[in-house]
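Chemist: Just entry26.txt, nothing more (compact mmCIF, C-alpha atoms):
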# COMPACT_ATOMS: atom_id res chain seq x y z
CA GLN A 1013 57.04 -44.38 -81.44
CA VAL A 1014 55.49 -40.95 -80.97
CA MET A 1015 54.16 -39.73 -77.64
CA LEU A 1016 52.06 -36.57 -77.29
CA LEU A 1017 52.06 -34.90 -73.87
CA GLU A 1018 49.20 -32.46 -73.21
CA SER A 1019 48.92 -30.64 -69.89
CA SER A 1020 45.17 -29.93 -70.20
CA SER A 1021 42.17 -32.26 -70.48
CA ARG A 1022 41.54 -31.42 -74.14
CA LEU A 1023 43.61 -31.10 -77.30
CA GLY A 1024 43.52 -28.12 -79.63
CA GLY A 1025 44.88 -25.23 -77.58
CA TRP A 1026 43.37 -21.91 -78.63
CA LEU A 1027 41.08 -23.59 -81.18
CA HIS A 1028 38.07 -23.85 -78.90
CA SER A 1029 34.38 -23.74 -79.89
CA THR A 1030 31.13 -23.85 -77.92
CA ARG A 1031 28.32 -25.77 -79.67
CA ARG A 1032 24.85 -25.31 -78.29
CA GLU A 1033 22.03 -27.80 -78.70
CA ASP A 1034 20.06 -25.31 -80.84
CA GLY A 1035 22.85 -25.35 -83.46
CA ALA A 1036 24.62 -22.12 -82.49
CA VAL A 1037 28.43 -22.17 -82.57
CA PHE A 1038 30.66 -19.66 -80.77
CA GLU A 1039 34.43 -19.35 -81.19
CA HIS A 1040 36.67 -18.48 -78.25
CA GLY A 1041 39.84 -18.34 -80.36
CA PRO A 1042 40.52 -18.17 -84.12
CA ARG A 1043 37.26 -18.05 -86.10
CA GLY A 1044 38.36 -18.04 -89.73
CA ILE A 1045 41.39 -19.14 -91.74
CA ARG A 1046 42.76 -17.55 -94.91
CA PRO A 1047 43.45 -19.93 -97.84
CA ALA A 1048 46.14 -17.75 -99.47
CA GLY A 1049 49.78 -18.69 -100.07
CA ASP A 1050 51.71 -21.85 -99.29
CA VAL A 1051 50.65 -21.74 -95.64
CA GLY A 1052 46.98 -21.57 -96.64
CA LYS A 1053 47.30 -24.40 -99.15
CA SER A 1054 49.12 -26.51 -96.55
CA THR A 1055 46.21 -26.24 -94.11
CA LEU A 1056 43.61 -26.97 -96.80
CA LYS A 1057 45.55 -30.08 -97.78
CA MET A 1058 45.44 -31.25 -94.16
CA VAL A 1059 41.69 -30.55 -94.06
CA SER A 1060 41.26 -32.73 -97.17
CA GLU A 1061 43.39 -35.54 -95.76
CA LEU A 1062 41.31 -35.51 -92.57
CA GLY A 1063 38.09 -35.95 -94.56
CA LEU A 1064 36.67 -32.54 -93.62
CA GLU A 1065 36.07 -31.24 -97.16
CA ASN A 1066 32.28 -31.30 -96.82
CA GLU A 1067 32.50 -29.49 -93.47
CA VAL A 1068 34.20 -26.37 -94.85
CA LEU A 1069 32.26 -23.09 -94.78
CA PRO A 1070 33.88 -20.72 -97.32
CA VAL A 1071 33.53 -16.94 -97.39
CA THR A 1072 34.19 -15.67 -100.92
CA SER A 1073 35.88 -12.36 -101.72
CA ASP A 1074 32.61 -10.91 -103.04
CA ASN A 1075 30.81 -11.70 -99.79
CA ILE A 1076 29.78 -8.64 -97.80
CA ALA A 1077 31.85 -9.91 -94.87
CA SER A 1078 34.93 -9.73 -97.11
CA LYS A 1079 34.16 -6.40 -98.75
CA ASN A 1080 32.97 -4.45 -95.70
CA ARG A 1081 35.43 -3.84 -92.88
CA PHE A 1082 35.09 -0.90 -90.53
CA LEU A 1083 37.12 1.31 -88.22
CA TYR A 1084 35.65 2.99 -85.14
CA VAL A 1085 37.22 6.45 -85.06
CA GLY A 1086 35.96 9.67 -83.53
CA GLY A 1087 32.95 7.89 -82.04
CA LYS A 1088 31.75 6.69 -85.48
CA LEU A 1089 31.98 3.66 -87.74
CA HIS A 1090 33.85 4.25 -90.98
CA LYS A 1091 33.92 1.77 -93.85
CA MET A 1092 37.44 1.04 -95.04
CA PRO A 1093 38.04 1.89 -98.72
CA SER A 1094 38.11 -1.22 -100.91
CA GLY A 1095 39.17 -1.73 -104.50
CA ALA A 1096 40.70 0.76 -106.93
CA VAL A 1097 37.74 3.16 -106.80
CA GLY A 1098 37.86 3.31 -103.01
CA ALA A 1099 41.56 4.16 -103.07
CA LEU A 1100 40.95 7.11 -105.41
CA ARG A 1101 38.44 8.89 -103.17
CA LYS A 1102 38.95 10.73 -99.93
CA VAL A 1103 36.76 9.06 -97.30
CA PRO A 1104 36.53 9.61 -93.55
CA PRO A 1105 38.37 9.21 -91.28
CA PHE A 1106 41.22 9.96 -93.71
CA SER A 1107 42.22 13.48 -94.75
CA ARG A 1108 43.20 12.42 -98.27
CA ALA A 1109 42.74 9.57 -100.77
CA LEU A 1110 44.80 6.45 -100.09
CA ILE A 1111 46.28 6.63 -103.60
CA SER A 1112 48.25 9.71 -102.56
CA SER A 1113 50.00 7.73 -99.83
CA VAL A 1114 50.76 4.94 -102.31
CA ALA A 1115 52.21 7.43 -104.82
CA ARG A 1116 54.31 9.02 -102.09
CA GLU A 1117 55.67 5.61 -101.09
CA LEU A 1118 57.36 5.17 -104.48
CA LEU A 1119 59.55 8.21 -103.79
CA VAL A 1120 60.63 7.32 -100.25
CA LYS A 1121 64.24 6.20 -99.81
CA ARG A 1122 65.00 2.63 -98.82
CA GLY A 1123 65.39 2.04 -95.09
CA THR A 1124 68.79 0.99 -93.73
CA GLN A 1125 67.91 -0.53 -90.33
CA GLU A 1126 68.03 -4.26 -89.68
CA ASP A 1127 64.62 -3.95 -88.02
CA GLU A 1128 62.21 -1.26 -86.88
CA SER A 1129 58.76 -0.98 -85.39
CA VAL A 1130 55.73 -1.52 -87.62
CA HIS A 1131 54.53 2.01 -86.85
CA ARG A 1132 57.87 3.61 -87.74
CA PHE A 1133 58.10 1.65 -91.02
CA VAL A 1134 54.59 2.58 -92.16
CA GLU A 1135 54.89 6.19 -90.99
CA ARG A 1136 58.15 6.53 -92.91
CA ARG A 1137 56.81 5.01 -96.12
CA LEU A 1138 53.07 5.77 -96.14
CA GLY A 1139 52.59 8.62 -93.70
CA LYS A 1140 51.60 9.20 -90.09
CA GLU A 1141 47.83 9.03 -90.65
CA LEU A 1142 47.88 5.48 -92.01
CA ALA A 1143 50.32 4.42 -89.29
CA ASP A 1144 48.24 5.95 -86.48
CA VAL A 1145 44.86 4.68 -87.67
CA VAL A 1146 45.04 1.74 -90.07
CA ILE A 1147 48.23 -0.03 -89.00
CA ASP A 1148 47.62 0.64 -85.33
CA SER A 1149 44.19 -1.01 -85.68
CA LEU A 1150 45.49 -3.88 -87.82
CA CYS A 1151 48.18 -4.81 -85.30
CA ARG A 1152 45.57 -4.75 -82.53
CA GLY A 1153 43.33 -7.03 -84.60
CA VAL A 1154 46.02 -9.56 -85.56
CA TYR A 1155 48.49 -9.45 -82.66
CA ALA A 1156 46.47 -7.63 -79.98
CA GLY A 1157 49.69 -5.67 -79.84
CA ASP A 1158 51.22 -2.20 -79.97
CA CYS A 1159 52.49 -1.33 -83.46
CA ARG A 1160 55.03 1.01 -81.86
CA LYS A 1161 56.75 -2.00 -80.30
CA LEU A 1162 56.05 -4.82 -82.78
CA SER A 1163 58.72 -5.73 -85.33
CA MET A 1164 58.12 -5.02 -89.01
CA ARG A 1165 60.67 -7.64 -90.03
CA SER A 1166 59.00 -10.40 -88.01
CA CYS A 1167 55.32 -9.42 -88.15
CA PHE A 1168 55.08 -8.46 -91.83
CA PRO A 1169 58.11 -10.10 -93.51
CA PRO A 1170 56.83 -9.81 -97.13
CA LEU A 1171 56.54 -6.01 -96.84
CA PHE A 1172 59.90 -5.73 -95.08
CA ARG A 1173 61.57 -7.81 -97.83
CA ALA A 1174 59.80 -5.80 -100.55
CA GLU A 1175 61.45 -2.58 -99.36
CA ARG A 1176 64.82 -4.26 -98.89
CA ASP A 1177 64.82 -5.94 -102.34
CA TYR A 1178 63.03 -3.31 -104.45
CA GLY A 1179 63.29 -0.09 -102.44
CA SER A 1180 59.48 0.12 -102.30
CA ILE A 1181 56.69 -2.02 -100.92
CA VAL A 1182 54.55 -1.13 -103.95
CA LEU A 1183 57.23 -2.22 -106.45
CA GLY A 1184 58.02 -5.28 -104.35
CA MET A 1185 54.40 -6.40 -104.32
CA VAL A 1186 54.09 -5.83 -108.11
CA PHE A 1187 57.38 -7.31 -109.31
CA GLY A 1188 58.42 -9.57 -106.46
CA LYS A 1189 58.30 -13.31 -107.06
CA THR A 1190 57.30 -15.70 -104.32
CA GLU A 1191 58.75 -19.19 -104.47
CA LYS A 1192 55.97 -21.72 -104.22
CA ALA A 1193 56.56 -24.94 -102.35
CA ALA A 1194 55.77 -28.15 -104.20
CA GLY A 1195 53.31 -30.81 -103.12
CA LEU A 1196 50.91 -28.53 -101.26
CA ASP A 1197 48.05 -28.42 -103.76
CA SER A 1198 44.82 -30.28 -103.17
CA ARG A 1199 41.35 -30.41 -104.61
CA LEU A 1200 40.18 -28.11 -101.81
CA ALA A 1201 42.93 -25.55 -102.48
CA GLN A 1202 42.04 -25.57 -106.17
CA LYS A 1203 38.39 -25.04 -105.30
CA SER A 1204 39.29 -22.11 -103.05
CA ARG A 1205 41.12 -20.42 -105.94
CA GLU A 1206 38.34 -21.04 -108.45
CA GLU A 1207 35.64 -19.71 -106.12
CA GLY A 1208 37.74 -16.85 -104.72
CA TRP A 1209 37.67 -17.73 -101.04
CA ALA A 1210 38.76 -14.98 -98.66
CA GLN A 1211 38.53 -17.17 -95.55
CA TRP A 1212 36.86 -20.34 -94.30
CA SER A 1213 35.65 -22.07 -91.17
CA LEU A 1214 34.13 -25.46 -90.35
CA ARG A 1215 30.50 -26.36 -89.84
CA GLN A 1216 31.08 -27.46 -86.25
CA GLY A 1217 33.49 -24.64 -85.49
CA MET A 1218 37.28 -24.46 -85.64
CA GLN A 1219 37.61 -26.97 -82.81
CA ALA A 1220 36.54 -29.61 -85.33
CA LEU A 1221 40.04 -29.41 -86.86
CA PRO A 1222 42.02 -30.58 -83.78
CA GLU A 1223 39.24 -33.08 -83.01
CA ALA A 1224 39.68 -34.64 -86.46
CA LEU A 1225 43.45 -34.63 -85.97
CA GLU A 1226 43.10 -36.36 -82.60
CA ASP A 1227 40.79 -38.98 -84.09
CA TRP A 1228 43.24 -39.60 -86.94
CA LEU A 1229 46.20 -39.92 -84.56
CA ARG A 1230 44.39 -42.42 -82.35
CA ARG A 1231 43.35 -44.52 -85.35
CA THR A 1232 46.92 -44.81 -86.65
CA GLY A 1233 47.94 -46.76 -83.56
CA ARG A 1234 51.39 -45.17 -83.78
CA VAL A 1235 50.79 -42.29 -81.37
CA GLU A 1236 50.26 -42.44 -77.62
CA ILE A 1237 48.37 -39.42 -76.29
CA LEU A 1238 48.70 -38.52 -72.62
CA GLN A 1239 46.33 -35.78 -71.44
CA GLU A 1240 46.47 -33.91 -68.13
CA THR A 1241 50.20 -34.68 -68.17
CA GLU A 1242 52.29 -31.65 -67.29
CA VAL A 1243 56.04 -31.65 -67.85
CA GLN A 1244 57.89 -30.65 -64.67
CA ARG A 1245 61.38 -30.38 -66.16
CA LEU A 1246 63.68 -31.70 -68.88
CA GLU A 1247 67.04 -33.35 -68.21
CA ARG A 1248 69.72 -34.64 -70.57
CA THR A 1249 70.57 -38.31 -70.27
CA ALA A 1250 74.07 -39.39 -69.27
CA GLY A 1251 75.31 -39.57 -72.86
CA GLY A 1252 73.68 -36.26 -73.72
CA SER A 1253 72.06 -37.57 -76.90
CA ALA A 1254 68.54 -37.95 -75.47
CA TRP A 1255 66.15 -36.53 -72.88
CA GLU A 1256 64.54 -37.59 -69.65
CA ILE A 1257 61.16 -35.89 -69.30
CA LYS A 1258 60.23 -35.52 -65.65
CA LEU A 1259 56.48 -35.75 -64.90
CA GLN A 1260 54.58 -35.52 -61.62
CA ASP A 1261 54.38 -39.28 -61.32
CA GLY A 1262 57.40 -40.60 -63.18
CA SER A 1263 59.54 -39.88 -66.20
CA ILE A 1264 59.80 -40.67 -69.91
CA LYS A 1265 62.92 -41.08 -72.04
CA ALA A 1266 62.88 -39.51 -75.51
CA ASP A 1267 65.36 -39.38 -78.39
CA HIS A 1268 63.96 -36.07 -79.60
CA ILE A 1269 61.52 -33.47 -78.30
CA ILE A 1270 59.31 -31.24 -80.42
CA SER A 1271 58.12 -28.43 -78.15
CA ALA A 1272 54.83 -26.75 -79.12
CA VAL A 1273 54.37 -24.93 -75.81
CA PRO A 1274 54.91 -21.14 -75.52
CA ALA A 1275 58.54 -20.04 -75.34
CA LYS A 1276 58.16 -18.87 -71.74
CA ALA A 1277 56.73 -22.24 -70.66
CA LEU A 1278 59.62 -24.10 -72.31
CA SER A 1279 62.19 -21.85 -70.64
CA SER A 1280 60.85 -22.82 -67.20
CA VAL A 1281 61.45 -26.58 -67.66
CA LEU A 1282 64.85 -26.59 -69.40
CA PRO A 1283 67.86 -27.86 -67.42
CA PRO A 1284 70.06 -25.29 -65.61
CA GLY A 1285 72.85 -25.89 -68.12
CA ALA A 1286 70.70 -24.39 -70.88
CA GLY A 1287 70.64 -20.96 -69.25
CA PRO A 1288 71.48 -18.95 -72.41
CA LEU A 1289 68.66 -20.69 -74.30
CA SER A 1290 66.19 -20.06 -71.47
CA GLU A 1291 67.19 -16.40 -71.43
CA GLN A 1292 66.36 -15.95 -75.14
CA LEU A 1293 63.07 -17.85 -74.78
CA ARG A 1294 61.99 -15.57 -71.92
CA ARG A 1295 62.43 -12.54 -74.18
CA ILE A 1296 59.44 -13.71 -76.24
CA THR A 1297 56.48 -12.37 -74.27
CA SER A 1298 52.73 -12.83 -74.84
CA VAL A 1299 49.59 -10.81 -74.18
CA THR A 1300 46.24 -11.68 -72.63
CA VAL A 1301 42.97 -11.16 -74.52
CA ALA A 1302 39.43 -11.18 -73.15
CA VAL A 1303 37.08 -12.77 -75.70
CA VAL A 1304 33.41 -12.04 -74.99
CA ASN A 1305 30.80 -13.84 -77.11
CA LEU A 1306 27.40 -12.16 -77.20
CA GLU A 1307 24.11 -13.19 -78.78
CA TYR A 1308 21.19 -10.82 -79.40
CA GLU A 1309 17.61 -11.54 -80.38
CA GLY A 1310 16.85 -10.67 -84.02
CA LEU A 1311 18.94 -8.69 -86.50
CA ILE A 1312 20.43 -5.77 -84.60
CA LEU A 1313 23.43 -4.61 -86.67
CA PRO A 1314 23.28 -1.12 -88.22
CA VAL A 1315 25.85 -2.20 -90.85
CA GLU A 1316 26.93 -5.50 -92.39
CA GLY A 1317 30.52 -6.64 -92.71
CA PHE A 1318 33.26 -8.64 -91.05
CA GLY A 1319 33.43 -6.31 -88.07
CA HIS A 1320 35.30 -3.25 -86.88
CA LEU A 1321 38.65 -2.49 -85.30
CA VAL A 1322 39.43 0.28 -82.83
CA PRO A 1323 42.74 2.20 -82.89
CA SER A 1324 44.51 2.70 -79.56
CA SER A 1325 43.94 6.47 -79.80
CA GLU A 1326 40.17 5.80 -79.60
CA SER A 1327 40.20 3.21 -76.81
CA ARG A 1328 43.15 1.49 -75.18
CA GLY A 1329 41.34 -1.61 -73.98
CA MET A 1330 38.80 -2.19 -76.77
CA LEU A 1331 40.47 -3.97 -79.71
CA GLY A 1332 37.45 -4.59 -81.92
CA ILE A 1333 34.13 -6.35 -82.50
CA VAL A 1334 33.58 -9.19 -84.98
CA TYR A 1335 30.13 -9.58 -86.57
CA ASP A 1336 30.12 -13.39 -86.52
CA SER A 1337 26.61 -13.78 -87.92
CA VAL A 1338 27.54 -11.95 -91.13
CA ALA A 1339 30.56 -14.07 -92.09
CA PHE A 1340 29.20 -17.40 -90.85
CA PRO A 1341 25.39 -17.33 -90.61
CA GLN A 1342 25.53 -21.15 -90.62
CA HIS A 1343 26.68 -20.89 -87.00
CA ASP A 1344 23.54 -19.05 -85.90
CA ARG A 1345 20.89 -20.94 -83.95
CA LYS A 1346 18.37 -22.85 -86.06
CA ASP A 1347 15.15 -21.68 -84.36
CA GLY A 1348 14.68 -18.00 -85.17
CA GLN A 1349 16.93 -15.11 -86.09
CA SER A 1350 19.68 -13.91 -83.79
CA THR A 1351 22.93 -11.96 -84.06
CA ARG A 1352 26.24 -13.29 -82.75
CA LEU A 1353 29.09 -10.89 -81.96
CA THR A 1354 32.54 -11.32 -80.45
CA VAL A 1355 34.18 -8.47 -78.54
CA MET A 1356 37.98 -8.55 -78.19
CA MET A 1357 39.59 -6.60 -75.35
CA GLY A 1358 42.92 -6.06 -73.60
CA GLY A 1359 45.95 -7.38 -75.42
CA ALA A 1360 49.05 -5.26 -74.81
CA TRP A 1361 46.87 -2.88 -72.77
CA PHE A 1362 45.13 -5.49 -70.59
CA SER A 1363 46.81 -4.73 -67.26
CA GLU A 1364 46.66 -0.98 -67.87
CA VAL A 1365 42.89 -1.06 -68.44
CA PHE A 1366 41.59 -4.07 -66.50
CA GLY A 1367 44.29 -4.78 -63.93
CA ASN A 1368 45.86 -8.13 -63.05
CA PRO A 1369 44.45 -10.91 -65.30
CA GLU A 1370 44.47 -13.20 -62.26
CA GLU A 1371 42.11 -10.90 -60.36
CA VAL A 1372 39.80 -9.43 -63.01
CA LYS A 1373 36.12 -10.38 -62.68
CA GLU A 1374 34.21 -11.88 -65.61
CA GLU A 1375 31.27 -9.59 -64.85
CA GLN A 1376 33.48 -6.52 -65.39
CA LEU A 1377 34.61 -7.83 -68.79
CA LEU A 1378 31.03 -8.69 -69.80
CA GLN A 1379 29.73 -5.24 -68.84
CA THR A 1380 32.56 -3.52 -70.73
CA ALA A 1381 31.87 -5.62 -73.84
CA ALA A 1382 28.10 -5.03 -73.77
CA GLN A 1383 28.67 -1.29 -73.30
CA ALA A 1384 30.97 -1.23 -76.34
CA VAL A 1385 28.22 -2.84 -78.44
CA ARG A 1386 25.76 -0.19 -77.23
CA THR A 1387 28.14 2.68 -77.92
CA HIS A 1388 29.76 1.52 -81.16
CA LEU A 1389 26.74 -0.08 -82.82
CA GLY A 1390 23.83 1.75 -81.21
CA VAL A 1391 22.30 -1.47 -79.87
CA ASP A 1392 19.90 -0.82 -76.98
CA ALA A 1393 18.93 -4.47 -76.42
CA GLU A 1394 20.56 -6.65 -73.80
CA PRO A 1395 22.30 -9.87 -74.93
CA ILE A 1396 20.23 -13.03 -74.50
CA TRP A 1397 23.36 -15.20 -74.15
CA SER A 1398 26.98 -14.48 -73.29
CA ASN A 1399 30.29 -16.17 -72.59
CA VAL A 1400 33.52 -14.67 -71.26
CA SER A 1401 36.84 -16.36 -72.06
CA LEU A 1402 40.02 -14.92 -70.58
CA GLN A 1403 42.78 -16.16 -72.88
CA LYS A 1404 45.92 -15.67 -70.81
CA ASP A 1405 49.20 -15.19 -72.69
CA CYS A 1406 47.53 -16.28 -75.93
CA ILE A 1407 49.33 -14.18 -78.57
CA PRO A 1408 53.14 -13.89 -78.67
CA GLN A 1409 54.55 -10.41 -79.32
CA TYR A 1410 57.24 -10.21 -81.99
CA THR A 1411 58.84 -6.99 -80.77
CA VAL A 1412 61.68 -5.16 -82.54
CA GLY A 1413 64.73 -7.46 -82.60
CA HIS A 1414 62.67 -10.68 -82.51
CA TRP A 1415 64.59 -12.02 -85.51
CA GLU A 1416 67.89 -11.75 -83.59
CA CYS A 1417 66.38 -13.65 -80.68
CA ILE A 1418 65.25 -16.44 -83.03
CA GLU A 1419 68.69 -16.59 -84.67
CA LYS A 1420 70.40 -16.90 -81.26
CA ILE A 1421 68.02 -19.72 -80.31
CA ARG A 1422 68.78 -21.59 -83.55
CA GLN A 1423 72.49 -21.01 -83.08
CA TYR A 1424 72.37 -22.42 -79.55
CA LEU A 1425 70.49 -25.53 -80.69
CA ARG A 1426 73.05 -26.12 -83.48
CA GLN A 1427 76.14 -25.50 -81.37
CA HIS A 1428 74.99 -27.79 -78.57
CA SER A 1429 73.44 -30.41 -80.89
CA LEU A 1430 70.29 -30.41 -78.77
CA PRO A 1431 67.71 -33.02 -79.87
CA LEU A 1432 65.04 -30.32 -79.58
CA SER A 1433 62.78 -28.71 -82.19
CA LEU A 1434 60.67 -25.62 -81.53
CA VAL A 1435 57.25 -25.14 -83.14
CA GLY A 1436 54.15 -23.12 -82.25
CA SER A 1437 53.24 -19.46 -82.40
CA SER A 1438 56.18 -18.10 -80.38
CA TYR A 1439 58.64 -18.12 -83.24
CA GLN A 1440 57.59 -17.68 -86.89
CA GLY A 1441 53.98 -16.62 -87.22
CA VAL A 1442 50.99 -16.57 -84.88
CA SER A 1443 48.22 -17.75 -87.24
CA VAL A 1444 46.79 -21.26 -87.43
CA ASN A 1445 48.26 -21.55 -90.95
CA ASP A 1446 51.70 -20.44 -89.76
CA VAL A 1447 52.00 -22.95 -86.93
CA ILE A 1448 50.76 -25.87 -89.06
CA PHE A 1449 53.17 -25.00 -91.90
CA SER A 1450 56.22 -24.52 -89.66
CA SER A 1451 55.43 -27.78 -87.83
CA LYS A 1452 55.27 -29.70 -91.12
CA ARG A 1453 58.60 -28.24 -92.18
CA THR A 1454 60.13 -29.18 -88.83
CA VAL A 1455 59.08 -32.82 -89.20
CA GLU A 1456 60.36 -32.89 -92.80
CA ARG A 1457 63.77 -31.72 -91.56
CA LEU A 1458 63.79 -34.52 -88.99
CA LEU A 1459 62.40 -37.39 -91.07
CA GLY A 1460 62.53 -36.26 -94.70
CA LYS A 1461 59.56 -35.63 -96.95
Write the structure described by the file as structure tokens, please.

Modeler:
Amino acid sequence: QVMLLESSSRLGGWLHSTRREDGAVFEHGPRGIRPAGDVGKSTLKMVSELGLENEVLPVTSDNIASKNRFLYVGGKLHKMPSGAVGALRKVPPFSRALISSVARELLVKRGTQEDESVHRFVERRLGKELADVVIDSLCRGVYAGDCRKLSMRSCFPPLFRAERDYGSIVLGMVFGKTEKAAGLDSRLAQKSREEGWAQWSLRQGMQALPEALEDWLRRTGRVEILQETEVQRLERTAGGSAWEIKLQDGSIKADHIISAVPAKALSSVLPPGAGPLSEQLRRITSVTVAVVNLEYEGLILPVEGFGHLVPSSESRGMLGIVYDSVAFPQHDRKDGQSTRLTVMMGGAWFSEVFGNPEEVKEEQLLQTAAQAVRTHLGVDAEPIWSNVSLQKDCIPQYTVGHWECIEKIRQYLRQHSLPLSLVGSSYQGVSVNDVIFSSKRTVERLLGK
């Protein structure tokens, strides 16, 4: 018997879409998923099993949204170099061709630290310019975080392992072999390889994925779903081999708990006897991101591409703008042309720029977002539709030493034989693919394949 406890009125967490009657779809969380690697194949297999194959909206690698990505530096948009030819030429905002940094990397000595910041790693191996501009922007786009604090080992493990195993990230990427898990292939994954998908979404938005999962779970008859049910605290039963889950209006006994809530939330409900575990969980912090969806009449973009990122040296609070209508025009309204954009703000700099998330006004966030569109893209028009979503504590921050924290948590669970499994974005990857893959592996360890 499986019981799912959800504190809110809806399932799906950060996967949240608004669907208007005129056909427009707006994402307030993740808006596209990469099909690459085992984690990508795992998600595509789930999509197939849920009967969503015909709902998939692929973006191929030759699509302009895949080829064109921009940085906003020095008050201007700059297209990121792509392909071999792009790497050979010097293009603004860089002072030299990217190939020179790659060539330099082959001569840099292997690092000796157990972990270091993403910025320090990239500066050491590829130079300060790439660290300050490209990697700074990338970490803001993926983690909404500060690359000077984020962990290289935990945020970009393939690159960290490449240096450790081969003495160079270039050699590691060329000669390194990645073990592929068995049983993850599907017709959809095969199609993604044949057609060269770079990312994909769903016709009704990313929220369609948890909705299909919920429908499947209810139809099995083996899962009881309790919504608007918040866990107050967890207590061990007398024998210590099970749990008593305390709710507002009663309690539930469970042989095993799989926690998918943020680490900080779990730490607040653990029993007093689990103090060392709670302490490690509290070390895993998260940041708040303001997601502002904007719609404009007509085609208003001066460039076409996926969007642009903004390094922290350019603007602390403005993370980037996604050109949603370019990647997924199928989500535009059906009656006439419009342009959908999403402005991302805050992250590790939220309180510094906007103040307390509990007190910030939506109007302030909307005005800041609209002004960024005017300044960055030269758009004089006012948006015809907008939505402000304040996603509090939405992206965990894997800071330097995160791997040690995770190891101490695992060690505690083993030593105390706790019937508790930890999944979700707080531990081993923040993407949709990562949390699905790690959750599958957790269940396989409990029940077998």

Chemist: Considering all atoms listed in the file, return as a ChimeraX atom specification whatever protein or nucleic-acid residues lie within 12 Å of Arg1031 (chain A), sequence-local ones (same chain, fewer than 3 positions apart) excluded.

Modeler: /A:1028,1034-1040,1215-1220,1343-1345

Chemist: For Gln1125 (chain A), which of A:Leu1246, A:His1268, A:Leu1321, A:Phe1172 is the closest residue, counting all atoms listed in the file?

Modeler: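 Smallest separation from Gln1125 (chain A) among the options: A:Phe1172.
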
Chemist: Point out the residue among A:Ala1302, A:Val1322, A:Leu1353, A:Asp1177 with the least atom-to-atom distance to Glu1374 (chain A), counting only C-alpha atoms.

Modeler: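 Among the listed residues, A:Ala1302 lies closest to Glu1374 (chain A).
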
Chemist: Residues at most 12 Å from Gln1403 (chain A), counting only C-alpha atoms, excluding those fewer than 5 positions away in the same chain, as a PyMOL selection string?

Modeler: chain A and resi 1025-1028+1040-1042+1156+1298-1304+1356-1359+1362+1369-1370

Chemist: Between A:Pro1323, A:Gly1310, A:Gly1179, A:Pro1274, which residue has the minimum interatomic distance to Tyr1439 (chain A), considering only C-alpha atoms?

Modeler: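 The answer is A:Pro1274, which sits nearest to Tyr1439 (chain A).
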
Chemist: I need the residue nearest Val1146 (chain A) from this list: A:Ala1286, A:Leu1118, A:Gly1195, A:Ser1324. Use only C-alpha atoms for the distance.

Modeler: A:Ser1324
